[in-house]
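K.L.:
Dropping in query_37.cif, which is mmCIF, C-alpha atoms and all ligand atoms:
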data_protein
#
loop_
_atom_site.label_atom_id
_atom_site.label_comp_id
_atom_site.auth_asym_id
_atom_site.auth_seq_id
_atom_site.Cartn_x
_atom_site.Cartn_y
_atom_site.Cartn_z
CA MET A 1 32.41 88.60 -80.89
CA LYS A 2 33.38 85.00 -81.44
CA MET A 3 35.19 85.96 -84.60
CA LYS A 4 36.98 88.76 -82.79
CA LYS A 5 38.27 86.33 -80.16
CA PHE A 6 39.31 83.97 -82.92
CA LEU A 7 41.28 86.72 -84.62
CA ALA A 8 42.98 87.65 -81.38
CA VAL A 9 43.98 84.05 -80.80
CA LEU A 10 45.09 83.75 -84.41
CA MET A 11 47.27 86.80 -83.98
CA THR A 12 48.87 85.37 -80.87
CA VAL A 13 49.62 82.14 -82.70
CA VAL A 14 50.87 83.86 -85.83
CA MET A 15 53.14 86.08 -83.81
CA GLY A 16 54.81 83.03 -82.34
CA GLY A 17 54.97 84.26 -78.79
CA SER A 18 57.74 86.83 -79.10
CA LEU A 19 56.16 89.06 -76.55
CA VAL A 20 58.34 92.10 -76.29
CA ALA A 21 56.97 95.13 -74.52
CA CYS A 22 58.07 98.59 -75.45
CA GLY A 23 58.10 102.00 -73.87
CA SER A 24 59.29 100.91 -70.48
CA SER A 25 60.44 104.42 -69.68
CA ASP A 26 58.65 107.71 -70.17
CA THR A 27 61.06 108.86 -72.78
CA ASP A 28 61.18 105.73 -74.89
CA GLN A 29 58.37 106.97 -77.09
CA SER A 30 59.40 110.56 -76.99
CA THR A 31 61.30 111.01 -80.20
CA ASN A 32 60.66 110.63 -83.85
CA SER A 33 63.76 108.60 -84.27
CA ASN A 34 62.84 107.72 -87.82
CA SER A 35 64.41 104.40 -87.22
CA SER A 36 65.32 102.41 -90.26
CA SER A 37 62.50 100.43 -91.66
CA ASN A 38 64.16 98.17 -94.10
CA SER A 39 64.27 95.15 -91.89
CA ASN A 40 60.53 94.69 -92.20
CA SER A 41 60.15 95.39 -95.85
CA ASP A 42 62.76 93.01 -97.13
CA SER A 43 61.55 89.95 -95.37
CA ASN A 44 57.99 90.33 -96.50
CA SER A 45 58.00 89.48 -100.13
CA ASN A 46 57.08 86.04 -101.36
CA ALA A 47 56.58 84.72 -97.89
CA ASP A 48 54.86 81.39 -97.87
CA SER A 49 53.65 81.28 -94.34
CA ASN A 50 50.26 79.71 -94.65
CA SER A 51 50.01 76.00 -94.82
CA ASN A 52 46.21 76.22 -94.69
CA SER A 53 45.98 78.19 -97.86
CA ASP A 54 44.98 76.19 -100.87
CA THR A 55 46.38 78.85 -103.17
CA LYS A 56 49.53 77.65 -104.90
CA SER A 57 52.49 79.90 -104.15
CA GLY A 58 52.79 80.88 -107.81
CA ASP A 59 49.14 82.00 -107.93
CA LYS A 60 49.28 84.08 -104.82
CA LYS A 61 48.22 87.66 -105.02
CA THR A 62 50.49 90.25 -103.46
CA VAL A 63 49.32 93.13 -101.32
CA GLY A 64 51.56 96.17 -101.00
CA ILE A 65 51.30 97.85 -97.61
CA ALA A 66 52.73 101.35 -97.11
CA MET A 67 52.96 102.44 -93.47
CA PRO A 68 54.14 105.91 -92.44
CA THR A 69 56.78 105.32 -89.79
CA LYS A 70 58.04 102.99 -87.14
CA SER A 71 58.66 105.86 -84.77
CA LEU A 72 55.00 106.11 -83.72
CA GLU A 73 53.97 102.98 -81.90
CA ARG A 74 50.66 102.24 -83.52
CA TRP A 75 51.96 101.79 -87.08
CA ASN A 76 54.21 98.97 -85.94
CA ARG A 77 51.13 97.19 -84.70
CA ASP A 78 49.16 97.99 -87.85
CA GLY A 79 51.95 96.65 -90.05
CA GLU A 80 52.30 93.51 -87.99
CA TYR A 81 48.58 92.75 -87.79
CA LEU A 82 47.98 93.47 -91.46
CA GLU A 83 50.89 91.33 -92.54
CA ALA A 84 49.87 88.44 -90.31
CA GLN A 85 46.23 88.51 -91.38
CA PHE A 86 46.93 88.83 -95.09
CA LYS A 87 49.51 86.05 -95.00
CA ALA A 88 47.15 83.82 -93.03
CA ALA A 89 44.55 84.42 -95.73
CA GLY A 90 46.98 83.22 -98.39
CA TYR A 91 48.39 86.48 -99.77
CA ASP A 92 51.96 87.57 -100.21
CA VAL A 93 52.77 90.86 -98.54
CA GLU A 94 55.20 93.63 -99.37
CA LEU A 95 55.40 95.92 -96.34
CA LYS A 96 57.23 99.24 -96.31
CA TYR A 97 57.72 101.89 -93.65
CA SER A 98 58.76 105.27 -95.02
CA ASP A 99 60.36 107.08 -92.07
CA ASN A 100 57.69 109.82 -92.08
CA ASP A 101 59.24 111.06 -95.31
CA THR A 102 56.76 111.79 -98.10
CA ASN A 103 59.35 111.41 -100.88
CA GLN A 104 60.34 108.04 -99.52
CA GLN A 105 56.71 106.96 -99.31
CA ASN A 106 56.16 107.94 -102.94
CA ASN A 107 59.28 105.97 -103.91
CA ASP A 108 58.23 102.99 -101.85
CA ILE A 109 54.79 102.92 -103.46
CA GLN A 110 56.31 103.32 -106.93
CA GLY A 111 58.53 100.35 -106.12
CA MET A 112 55.49 98.27 -105.23
CA ILE A 113 53.74 99.30 -108.44
CA ALA A 114 56.85 98.25 -110.38
CA ASP A 115 56.85 94.95 -108.50
CA GLY A 116 53.32 94.36 -109.80
CA VAL A 117 51.41 94.19 -106.51
CA ASP A 118 47.72 93.40 -106.92
CA LEU A 119 46.43 95.89 -104.35
CA LEU A 120 47.84 98.82 -102.39
CA LEU A 121 47.01 99.62 -98.76
CA ILE A 122 48.34 103.03 -97.83
CA ALA A 123 48.47 104.92 -94.54
CA ALA A 124 49.60 108.25 -95.98
CA ILE A 125 52.25 110.37 -94.31
CA ASP A 126 50.85 113.42 -96.06
CA GLY A 127 47.51 112.77 -97.71
CA ASN A 128 48.13 115.56 -100.22
CA THR A 129 51.32 114.28 -101.79
CA LEU A 130 50.39 110.99 -103.42
CA SER A 131 48.25 112.04 -106.40
CA GLN A 132 50.90 111.53 -109.07
CA THR A 133 52.03 108.17 -107.75
CA LEU A 134 48.47 106.94 -107.41
CA ALA A 135 47.74 107.98 -110.99
CA GLU A 136 50.48 105.49 -111.88
CA ALA A 137 48.75 102.85 -109.75
CA LYS A 138 45.51 103.56 -111.56
CA ASP A 139 47.20 103.24 -114.94
CA ALA A 140 48.50 99.86 -113.81
CA ASN A 141 44.98 98.85 -112.69
CA ILE A 142 46.06 98.47 -109.08
CA PRO A 143 43.22 99.26 -106.67
CA VAL A 144 44.08 101.44 -103.67
CA ILE A 145 42.63 101.40 -100.16
CA ALA A 146 43.37 104.40 -97.95
CA TYR A 147 44.19 102.83 -94.62
CA ASP A 148 43.30 104.86 -91.52
CA ARG A 149 44.16 108.22 -93.14
CA LEU A 150 42.29 109.53 -96.16
CA ILE A 151 44.34 110.18 -99.30
CA MET A 152 43.41 113.52 -100.84
CA ASN A 153 43.09 114.87 -104.38
CA THR A 154 43.00 111.65 -106.32
CA ASP A 155 40.34 109.52 -107.95
CA ALA A 156 42.62 106.48 -107.70
CA VAL A 157 41.58 105.60 -104.16
CA SER A 158 38.68 103.13 -104.10
CA TYR A 159 37.91 102.75 -100.40
CA TYR A 160 38.80 104.18 -97.02
CA VAL A 161 39.03 101.97 -93.91
CA SER A 162 39.37 103.82 -90.64
CA PHE A 163 37.62 104.59 -87.37
CA ASP A 164 34.97 107.21 -86.88
CA ASN A 165 37.57 109.95 -86.47
CA TYR A 166 35.20 112.73 -85.39
CA THR A 167 33.85 110.45 -82.66
CA VAL A 168 37.38 109.99 -81.32
CA GLY A 169 37.48 113.71 -80.54
CA LYS A 170 33.92 113.68 -79.26
CA LEU A 171 34.76 110.95 -76.76
CA GLN A 172 37.67 113.03 -75.48
CA GLY A 173 35.45 116.10 -75.10
CA GLN A 174 32.67 114.12 -73.43
CA TYR A 175 35.18 112.65 -71.00
CA VAL A 176 36.13 116.19 -69.94
CA ILE A 177 32.46 117.17 -69.55
CA ASP A 178 31.82 114.14 -67.34
CA GLU A 179 34.98 114.41 -65.25
CA LEU A 180 34.59 118.13 -64.54
CA LYS A 181 30.79 117.75 -64.22
CA LEU A 182 30.47 120.75 -66.49
CA ASP A 183 26.68 120.58 -66.48
CA SER A 184 26.44 121.12 -62.73
CA GLU A 185 29.73 122.73 -61.60
CA LYS A 186 30.22 126.46 -61.96
CA GLY A 187 33.87 126.50 -62.96
CA PRO A 188 35.58 128.19 -64.59
CA PHE A 189 38.09 125.52 -65.52
CA ASN A 190 41.21 126.06 -67.60
CA ILE A 191 41.92 123.96 -70.68
CA GLU A 192 44.64 123.77 -73.34
CA PHE A 193 44.46 121.85 -76.61
CA THR A 194 47.16 119.88 -78.41
CA ALA A 195 46.20 118.63 -81.87
CA GLY A 196 47.89 116.46 -84.50
CA ASP A 197 49.78 116.74 -87.75
CA PRO A 198 48.25 119.16 -90.30
CA ALA A 199 49.38 116.81 -93.09
CA ASP A 200 47.16 114.06 -91.67
CA ASN A 201 43.54 114.44 -92.73
CA ASN A 202 42.44 112.73 -89.50
CA ALA A 203 43.92 115.40 -87.27
CA GLY A 204 41.25 117.99 -88.07
CA TYR A 205 38.47 115.49 -87.40
CA PHE A 206 39.91 114.64 -83.98
CA PHE A 207 40.35 118.29 -83.02
CA ASN A 208 36.93 119.38 -84.30
CA GLY A 209 35.22 116.47 -82.57
CA ALA A 210 36.72 117.51 -79.24
CA TYR A 211 36.45 121.27 -79.69
CA GLU A 212 32.87 121.25 -80.94
CA THR A 213 31.82 118.99 -78.07
CA LEU A 214 33.24 121.53 -75.60
CA GLU A 215 32.44 124.69 -77.54
CA SER A 216 29.25 125.66 -75.70
CA TYR A 217 31.09 125.49 -72.35
CA ILE A 218 33.89 127.61 -73.79
CA LYS A 219 31.36 130.15 -75.06
CA GLU A 220 29.60 130.42 -71.71
CA GLY A 221 32.96 130.86 -69.96
CA LYS A 222 32.85 127.67 -67.93
CA LEU A 223 35.89 126.47 -69.82
CA VAL A 224 38.63 129.03 -70.35
CA ILE A 225 41.70 128.75 -72.61
CA PRO A 226 44.33 130.96 -70.90
CA SER A 227 46.70 130.78 -73.89
CA GLY A 228 43.90 131.82 -76.25
CA LYS A 229 45.06 129.09 -78.67
CA LYS A 230 41.80 127.71 -79.95
CA THR A 231 42.20 127.03 -83.65
CA PHE A 232 43.57 123.80 -85.07
CA GLU A 233 46.45 125.66 -86.71
CA GLN A 234 47.49 127.20 -83.39
CA VAL A 235 47.68 123.88 -81.59
CA ALA A 236 48.75 121.48 -84.36
CA THR A 237 51.77 119.22 -83.82
CA PRO A 238 53.85 118.50 -86.94
CA SER A 239 54.51 114.78 -87.43
CA TRP A 240 52.50 114.04 -84.28
CA SER A 241 55.87 114.31 -82.59
CA THR A 242 56.16 113.84 -78.84
CA ASP A 243 59.05 116.29 -78.71
CA ASN A 244 57.07 119.01 -80.51
CA ALA A 245 54.14 118.50 -78.16
CA LEU A 246 56.47 118.64 -75.16
CA GLU A 247 58.04 121.88 -76.33
CA ASN A 248 54.72 123.54 -77.18
CA MET A 249 53.31 122.67 -73.77
CA GLN A 250 56.44 123.89 -72.01
CA ASN A 251 56.07 127.22 -73.81
CA THR A 252 52.39 127.45 -72.91
CA LEU A 253 53.10 126.67 -69.27
CA ALA A 254 55.92 129.22 -69.13
CA SER A 255 53.83 131.96 -70.75
CA TYR A 256 50.44 131.46 -69.13
CA TYR A 257 50.77 129.30 -66.01
CA SER A 258 54.01 130.31 -64.27
CA ASP A 259 52.04 132.73 -62.05
CA GLY A 260 50.24 129.79 -60.42
CA THR A 261 47.29 129.65 -62.83
CA ILE A 262 45.72 126.21 -62.54
CA LEU A 263 45.57 123.93 -65.58
CA ASP A 264 42.55 121.65 -65.32
CA VAL A 265 42.64 119.94 -68.72
CA ALA A 266 45.23 119.20 -71.39
CA LEU A 267 43.15 117.90 -74.26
CA CYS A 268 45.55 115.96 -76.48
CA SER A 269 44.42 114.36 -79.72
CA ASN A 270 46.53 111.22 -79.38
CA ASP A 271 48.98 109.33 -77.23
CA SER A 272 52.23 110.44 -78.86
CA THR A 273 51.33 114.07 -78.14
CA ALA A 274 49.89 113.22 -74.71
CA LEU A 275 53.23 111.68 -73.81
CA GLY A 276 55.03 114.97 -74.44
CA VAL A 277 52.35 117.01 -72.70
CA ALA A 278 52.44 114.77 -69.60
CA GLN A 279 56.21 115.14 -69.57
CA ALA A 280 55.92 118.95 -69.73
CA ILE A 281 53.37 118.92 -66.91
CA LYS A 282 55.70 116.78 -64.81
CA SER A 283 58.72 118.99 -65.37
CA ASP A 284 57.27 122.50 -65.76
CA TYR A 285 53.83 122.74 -64.16
CA THR A 286 53.77 124.21 -60.69
CA GLY A 287 50.08 123.82 -59.80
CA GLY A 288 49.39 121.14 -57.20
CA ASN A 289 46.65 119.32 -59.14
CA ALA A 290 46.92 116.54 -61.70
CA PRO A 291 45.32 117.96 -64.86
CA ILE A 292 43.06 115.75 -66.97
CA VAL A 293 45.12 114.53 -69.94
CA THR A 294 43.38 112.83 -72.87
CA GLY A 295 44.88 110.63 -75.56
CA GLN A 296 44.20 108.12 -78.28
CA ASP A 297 45.64 104.75 -79.35
CA GLY A 298 46.47 102.76 -76.21
CA ASP A 299 50.24 103.06 -76.65
CA ILE A 300 52.14 101.14 -74.01
CA ALA A 301 53.93 104.16 -72.49
CA ASN A 302 50.59 105.97 -72.21
CA LEU A 303 48.89 103.02 -70.56
CA LYS A 304 51.70 103.13 -68.02
CA ASN A 305 50.98 106.85 -67.50
CA ILE A 306 47.31 106.01 -67.01
CA VAL A 307 48.21 103.53 -64.27
CA ASP A 308 50.52 106.13 -62.72
CA GLY A 309 47.90 108.90 -62.86
CA ARG A 310 49.76 111.04 -65.40
CA GLN A 311 47.23 110.51 -68.19
CA SER A 312 43.49 110.15 -67.62
CA MET A 313 42.18 108.28 -70.63
CA THR A 314 42.94 107.08 -74.09
CA VAL A 315 40.50 106.55 -76.94
CA TYR A 316 41.20 103.01 -78.02
CA LYS A 317 41.02 101.90 -81.62
CA ASN A 318 41.53 98.18 -82.07
CA VAL A 319 43.89 98.15 -85.03
CA ASN A 320 43.77 94.37 -85.26
CA ASP A 321 40.07 94.78 -86.07
CA GLU A 322 40.94 97.58 -88.51
CA ALA A 323 43.34 95.17 -90.23
CA GLY A 324 40.60 92.51 -90.28
CA VAL A 325 38.06 94.83 -91.92
CA THR A 326 40.72 95.90 -94.42
CA LEU A 327 41.35 92.25 -95.26
CA GLU A 328 37.65 91.65 -95.93
CA VAL A 329 37.36 94.72 -98.16
CA SER A 330 40.55 93.69 -99.99
CA LYS A 331 39.36 90.13 -100.51
CA ALA A 332 36.14 91.39 -102.07
CA ILE A 333 38.01 93.78 -104.38
CA LEU A 334 40.53 91.13 -105.38
CA SER A 335 37.73 88.73 -106.28
CA GLY A 336 36.27 91.30 -108.61
CA GLU A 337 33.43 92.43 -106.37
CA THR A 338 32.48 96.00 -105.53
CA PRO A 339 32.14 96.02 -101.75
CA ASP A 340 29.33 98.14 -100.31
CA ALA A 341 27.05 98.24 -97.27
CA GLY A 342 26.34 94.54 -97.79
CA LEU A 343 29.81 93.68 -96.51
CA ILE A 344 29.06 95.07 -93.04
CA SER A 345 27.14 92.03 -91.82
CA SER A 346 30.05 89.70 -92.61
CA LEU A 347 32.68 91.80 -90.85
CA SER A 348 34.28 90.51 -87.66
CA ALA A 349 34.22 93.95 -86.02
CA GLU A 350 31.49 96.55 -85.58
CA ALA A 351 31.68 99.12 -88.38
CA THR A 352 29.51 101.44 -90.45
CA TYR A 353 29.54 102.00 -94.18
CA ASP A 354 29.66 105.71 -94.98
CA THR A 355 29.37 107.20 -98.44
CA GLU A 356 29.02 110.85 -97.41
CA SER A 357 31.63 112.01 -94.90
CA TYR A 358 34.99 111.56 -96.57
CA ASP A 359 35.39 113.85 -99.55
CA ASN A 360 39.00 113.90 -100.72
CA GLY A 361 38.57 116.90 -103.00
CA VAL A 362 37.98 114.78 -106.09
CA LYS A 363 35.48 112.20 -104.91
CA THR A 364 33.63 111.07 -101.83
CA VAL A 365 35.44 107.92 -100.86
CA PRO A 366 33.24 105.04 -99.65
CA SER A 367 34.35 104.33 -96.11
CA TYR A 368 34.22 101.53 -93.58
CA LEU A 369 34.44 103.13 -90.14
CA LEU A 370 35.11 101.14 -86.99
CA VAL A 371 34.06 102.13 -83.50
CA PRO A 372 36.47 103.69 -80.96
CA TYR A 373 35.94 103.52 -77.20
CA VAL A 374 37.26 105.04 -73.99
CA ILE A 375 39.86 103.34 -71.79
CA THR A 376 40.69 104.62 -68.30
CA LYS A 377 42.52 103.05 -65.37
CA ASP A 378 39.20 101.46 -64.38
CA ASN A 379 38.68 99.33 -67.48
CA LEU A 380 42.19 98.36 -68.62
CA ASP A 381 41.11 94.73 -68.57
CA VAL A 382 39.02 95.46 -71.65
CA LEU A 383 42.34 95.74 -73.48
CA VAL A 384 43.52 92.41 -72.10
CA ASP A 385 40.29 90.87 -73.38
CA THR A 386 41.27 91.85 -76.93
CA GLY A 387 44.23 89.46 -76.73
CA LEU A 388 46.52 92.28 -77.86
CA TYR A 389 47.70 93.29 -74.37
CA LYS A 390 48.62 91.43 -71.22
CA TRP A 391 49.53 92.35 -67.65
CA ASP A 392 53.22 92.35 -66.82
CA SER A 393 54.64 89.93 -64.28
CA ASP A 394 53.87 92.35 -61.42
CA ASN A 395 50.27 92.76 -62.63
CA LYS A 396 50.88 96.49 -62.63
CA TYR A 397 51.33 97.69 -66.20
CA LEU A 398 50.12 96.43 -69.55
CA GLU A 399 52.43 95.01 -72.19
CA SER A 400 51.71 94.45 -75.84
CA THR A 401 51.43 90.93 -77.19
CA ALA A 402 52.60 92.20 -80.59
CA SER A 403 56.21 91.43 -81.32
CA THR A 404 57.01 94.88 -82.72
CA THR A 405 55.78 97.07 -79.87
C1 LIG B 501 45.90 107.91 -86.43
C2 LIG B 501 46.06 107.94 -84.93
C3 LIG B 501 47.52 108.18 -84.58
C4 LIG B 501 48.12 109.34 -85.38
C5 LIG B 501 49.62 109.42 -85.19
C6 LIG B 501 46.47 109.17 -87.03
O1 LIG B 501 46.27 109.19 -88.39
O2 LIG B 501 44.53 107.77 -86.74
O3 LIG B 501 45.62 106.73 -84.38
O4 LIG B 501 47.63 108.50 -83.23
O5 LIG B 501 47.86 109.19 -86.74
O6 LIG B 501 50.22 108.23 -85.53
#
For this file, write the structure as structure tokens.
Ligand code: BGC
P.N.:
Amino acid sequence: MKMKKFLAVLMTVVMGGSLVACGSSDTDQSTNSNSSSNSNSDSNSNADSNSNSDTKSGDKKTVGIAMPTKSLERWNRDGEYLEAQFKAAGYDVELKYSDNDTNQQNNDIQGMIADGVDLLLIAAIDGNTLSQTLAEAKDANIPVIAYDRLIMNTDAVSYYVSFDNYTVGKLQGQYVIDELKLDSEKGPFNIEFTAGDPADNNAGYFFNGAYETLESYIKEGKLVIPSGKKTFEQVATPSWSTDNALENMQNTLASYYSDGTILDVALCSNDSTALGVAQAIKSDYTGGNAPIVTGQDGDIANLKNIVDGRQSMTVYKNVNDEAGVTLEVSKAILSGETPDAGLISSLSAEATYDTESYDNGVKTVPSYLLVPYVITKDNLDVLVDTGLYKWDSDNKYLESTASTT
């Protein structure tokens, strides 16, 4: 805990107090604008930001960080926290965002390999498209850590650092069980699912965690899915796009709820999709109730919706801690060690070491999995305690303390 606080304070110092909040309107987060990412990547090389480091600039190791897109809020935070923590630990950083474009991500990673980075951290846009590029990394003896999303079909990935993705979905399902008191109430209650991007290996874990937690209630008829859409493929949202989620929900509402059918739950896998679904409910839902809407990430626009009663919960994953665990794993690899379960006790955040769950088709990738938890309007202060959020001047909504979100 002490270390966590220290990291939060460190982040605040490193970020130099440029506290810009984002998502001040409902629609700010609603598009995949694929905004240009070059501004971040150019300024990151050869930075010499750490006066505490006793590593001479010339001896510094460089870490290449490939993030998917700036158009989804969380990756801006991931990029910022990773960069700050690695620089503070004495590394140079090359950070690229690839506009949710798999070709661009392959090119960006190839560029980092050509630049001779010492380690690659990759949050894949599409976990299935990097095999060839990572074979090149392997040939160049560059170790690869899959960051947050597993990279499939390659033996070049050494470790996976993420959260317990199945538990994210379970927490969403359990929230619904508790809120609707499914063990004592008769129901039936109506539910619709919105899942994530099929290209993202995490998306299936989130959906399955939620669906399997609720499955027995669906089977006994206490939970009903009026649209009948109950497989991942039927409810997936390409690119995790808010606009796609909005449109899908509008179609579902028009087809199955325009006769006054009540929607009790919109189970959304994450915040970018929950934003679109909440928007569709606001504009197109005619029932008088406020359906339960779930989410994941703690995006600023969603936290606003939680305060305003338009979203019920978000599963929070502290990505500053995820960056911290990634740093520890990276440090061990870069000093020639082979990190294993022994690293857990020295980590600043709670995590488990898992050598069974994440099979990428070629190998089971050893994984460090952090712990997600539920945030509702009743415990928003838990987010403030992380040092990554603060109340706005009216003490009404939360703002991010990161400079990029
Ligand atoms: C991440 C989620 C995020 C989603 C969309 C997933 O891989 O684990 O936290 O909401 O991508 O960015």
K.L.:
Per residue of chain A within 8 Å of ligand LIG 501 (chain B), what are the shortest atom pair and its distance in Å to one decimal, counting all atoms listed in the file, with rows by chain and residue number, as a Markdown table?
P.N.:
| residue | atom | partner | partner_atom | distance |
| --- | --- | --- | --- | --- |
| A:Leu72 | CA | B:LIG501 | O6 | 5.5 |
| A:Glu73 | CA | B:LIG501 | O6 | 7.4 |
| A:Arg74 | CA | B:LIG501 | O6 | 6.3 |
| A:Trp75 | CA | B:LIG501 | O6 | 6.8 |
| A:Ala123 | CA | B:LIG501 | O1 | 7.8 |
| A:Asp148 | CA | B:LIG501 | O2 | 5.7 |
| A:Arg149 | CA | B:LIG501 | O1 | 5.3 |
| A:Ser162 | CA | B:LIG501 | O2 | 7.6 |
| A:Phe163 | CA | B:LIG501 | O2 | 7.6 |
| A:Asn165 | CA | B:LIG501 | O2 | 7.3 |
| A:Gly196 | CA | B:LIG501 | C4 | 7.2 |
| A:Asp197 | CA | B:LIG501 | C5 | 7.8 |
| A:Asp200 | CA | B:LIG501 | O1 | 5.9 |
| A:Asn201 | CA | B:LIG501 | O1 | 7.3 |
| A:Asn202 | CA | B:LIG501 | O1 | 5.3 |
| A:Ala203 | CA | B:LIG501 | O1 | 6.7 |
| A:Ser239 | CA | B:LIG501 | C5 | 7.6 |
| A:Trp240 | CA | B:LIG501 | C5 | 5.5 |
| A:Ser269 | CA | B:LIG501 | O4 | 7.5 |
| A:Asn270 | CA | B:LIG501 | O4 | 4.8 |
| A:Asp271 | CA | B:LIG501 | O4 | 6.2 |
| A:Ser272 | CA | B:LIG501 | O4 | 6.6 |
| A:Gln296 | CA | B:LIG501 | O4 | 6.0 |
| A:Asp297 | CA | B:LIG501 | O3 | 5.4 |
| A:Lys317 | CA | B:LIG501 | O3 | 7.2 |
K.L.:
When you draw a straight line from atom CA of Asp108 of chain A to atom CA of Ser131 of chain A, how long is it in Å?
P.N.:
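According to the coordinates, atom CA of Asp108 of chain A and atom CA of Ser131 of chain A are separated by 14.2 Å.
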K.L.:
Find, counting only C-alpha atoms, the residue in A:Asn244, A:Ser367, A:Gln105, A:Thr167 that gets nearest to Ala146 of chain A.
P.N.:
A:Ser367
K.L.:
Kindly indicate which residue among A:Val168, A:Val325, A:Met67, A:Leu334 lies nearest to Val117 of chain A, using all atoms listed in the file for the distances.
P.N.:
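The shortest atom-to-atom distance to Val117 of chain A comes from A:Leu334.
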K.L.:
Which one of A:Ser400, A:Thr154, A:Gln250, A:Ser71 sits closest to Lys304 of chain A if you count all atoms listed in the file?
P.N.:
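Residue with the minimum atom-to-atom distance to Lys304 of chain A: A:Ser400.
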K.L.:
Calculate how many Å separate atom CA of Lys219 of chain A from atom CA of Tyr257 of chain A, rounding to one decimal.
P.N.:
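Taking atom CA of Lys219 of chain A as the start and atom CA of Tyr257 of chain A as the end point, the length is 21.4 Å.
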K.L.:
Which residues are near segment 373-381 of chain A? Cut-off 10 Å, only C-alpha atoms, ignore same chain within fewer than 5 positions. Put them as a VMD selection string.
P.N.:
chain A and resid 167 to 168 171 to 172 175 294 to 298 303 to 309 311 to 318 386 389 to 391 397 to 398
K.L.:
Name the residues in contact with segment 346-358 of chain A at a cut-off of 7 Å, using all atoms listed in the file, excluding same-chain residues fewer than 4 positions from it; report them as a PyMOL selection string.
P.N.:
chain A and resi 3-4+321+325+341+364-371
K.L.:
Choose the residue, out of A:Ile65, A:Ile344, A:Ala140, A:Ala84, that has the smallest atom-to-atom separation from Leu120 of chain A; count all atoms listed in the file.
P.N.:
A:Ile65
K.L.:
If I take atom CA of Leu263 of chain A and atom CA of Val382 of chain A, how far is one from the other in Å, to one decimal?
P.N.:
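Separation between atom CA of Leu263 of chain A and atom CA of Val382 of chain A: 29.8 Å.
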K.L.:
For Leu180 of chain A, find every residue with an atom within 9 Å (counting all atoms listed in the file), except residues of its own chain fewer than 5 positions away, and show them as a list of chain:residue names.
P.N.:
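After dropping sequence-adjacent residues, the list is A:Tyr175, A:Glu185, A:Gly187, A:Phe189, A:Asp264.
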K.L.:
Can you work out which one of A:Ser330, A:Asn190, A:Ser241, A:Ser345 has the shortest atom-to-atom distance to Lys222 of chain A, counting only C-alpha atoms?
P.N.:
A:Asn190
K.L.:
From the list A:Asp243, A:Met152, A:Gly116, A:Pro188, which residue is nearest Ala137 of chain A when using all atoms listed in the file?
P.N.:
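Once distances to Ala137 of chain A are computed over all atoms listed in the file, the minimum belongs to A:Gly116.
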K.L.:
So for segment 315-324 of chain A, what box centre and size do we get, axis-aligned, 5 Å extra on each of the six sides, every listed atom, Å to one decimal, as JSON?
P.N.:
{"center_x": 42.0, "center_y": 99.5, "center_z": -83.6, "size_x": 13.8, "size_y": 24.0, "size_z": 23.3}
K.L.:
Taking 4 positions as the minimum chain separation for residues in the same chain, which residues sit within 8 Å of Pro68 of chain A when counting all atoms listed in the file? Answer as a PDB file with C-alpha atoms, in the coordinates of the input.
P.N.:
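Saved the output as part27.pdb:
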ATOM      1  CA  TRP A  75      51.960 101.790 -87.080  1.00  0.00           C
ATOM      2  CA  TYR A  97      57.720 101.890 -93.650  1.00  0.00           C
ATOM      3  CA  SER A  98      58.760 105.270 -95.020  1.00  0.00           C
ATOM      4  CA  ASP A  99      60.360 107.080 -92.070  1.00  0.00           C
ATOM      5  CA  ASN A 100      57.690 109.820 -92.080  1.00  0.00           C
ATOM      6  CA  ASP A 101      59.240 111.060 -95.310  1.00  0.00           C
ATOM      7  CA  GLN A 105      56.710 106.960 -99.310  1.00  0.00           C
ATOM      8  CA  ALA A 123      48.470 104.920 -94.540  1.00  0.00           C
ATOM      9  CA  ALA A 124      49.600 108.250 -95.980  1.00  0.00           C
ATOM     10  CA  ILE A 125      52.250 110.370 -94.310  1.00  0.00           C
TER      11      ILE A 125
END
K.L.:
Do you know which residues are at most 7 Å from Ala236 of chain A counting only C-alpha atoms, after dropping those on the same chain fewer than 3 positions away, and could you put them as a PDB file with C-alpha atoms, keeping the file's coordinate frame?
P.N.:
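Result file follows (part_3.pdb):
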ATOM      1  CA  THR A 194      47.160 119.880 -78.410  1.00  0.00           C
ATOM      2  CA  ALA A 195      46.200 118.630 -81.870  1.00  0.00           C
ATOM      3  CA  GLY A 196      47.890 116.460 -84.500  1.00  0.00           C
ATOM      4  CA  ASP A 197      49.780 116.740 -87.750  1.00  0.00           C
ATOM      5  CA  PRO A 198      48.250 119.160 -90.300  1.00  0.00           C
ATOM      6  CA  PHE A 232      43.570 123.800 -85.070  1.00  0.00           C
ATOM      7  CA  GLU A 233      46.450 125.660 -86.710  1.00  0.00           C
TER       8      GLU A 233
END
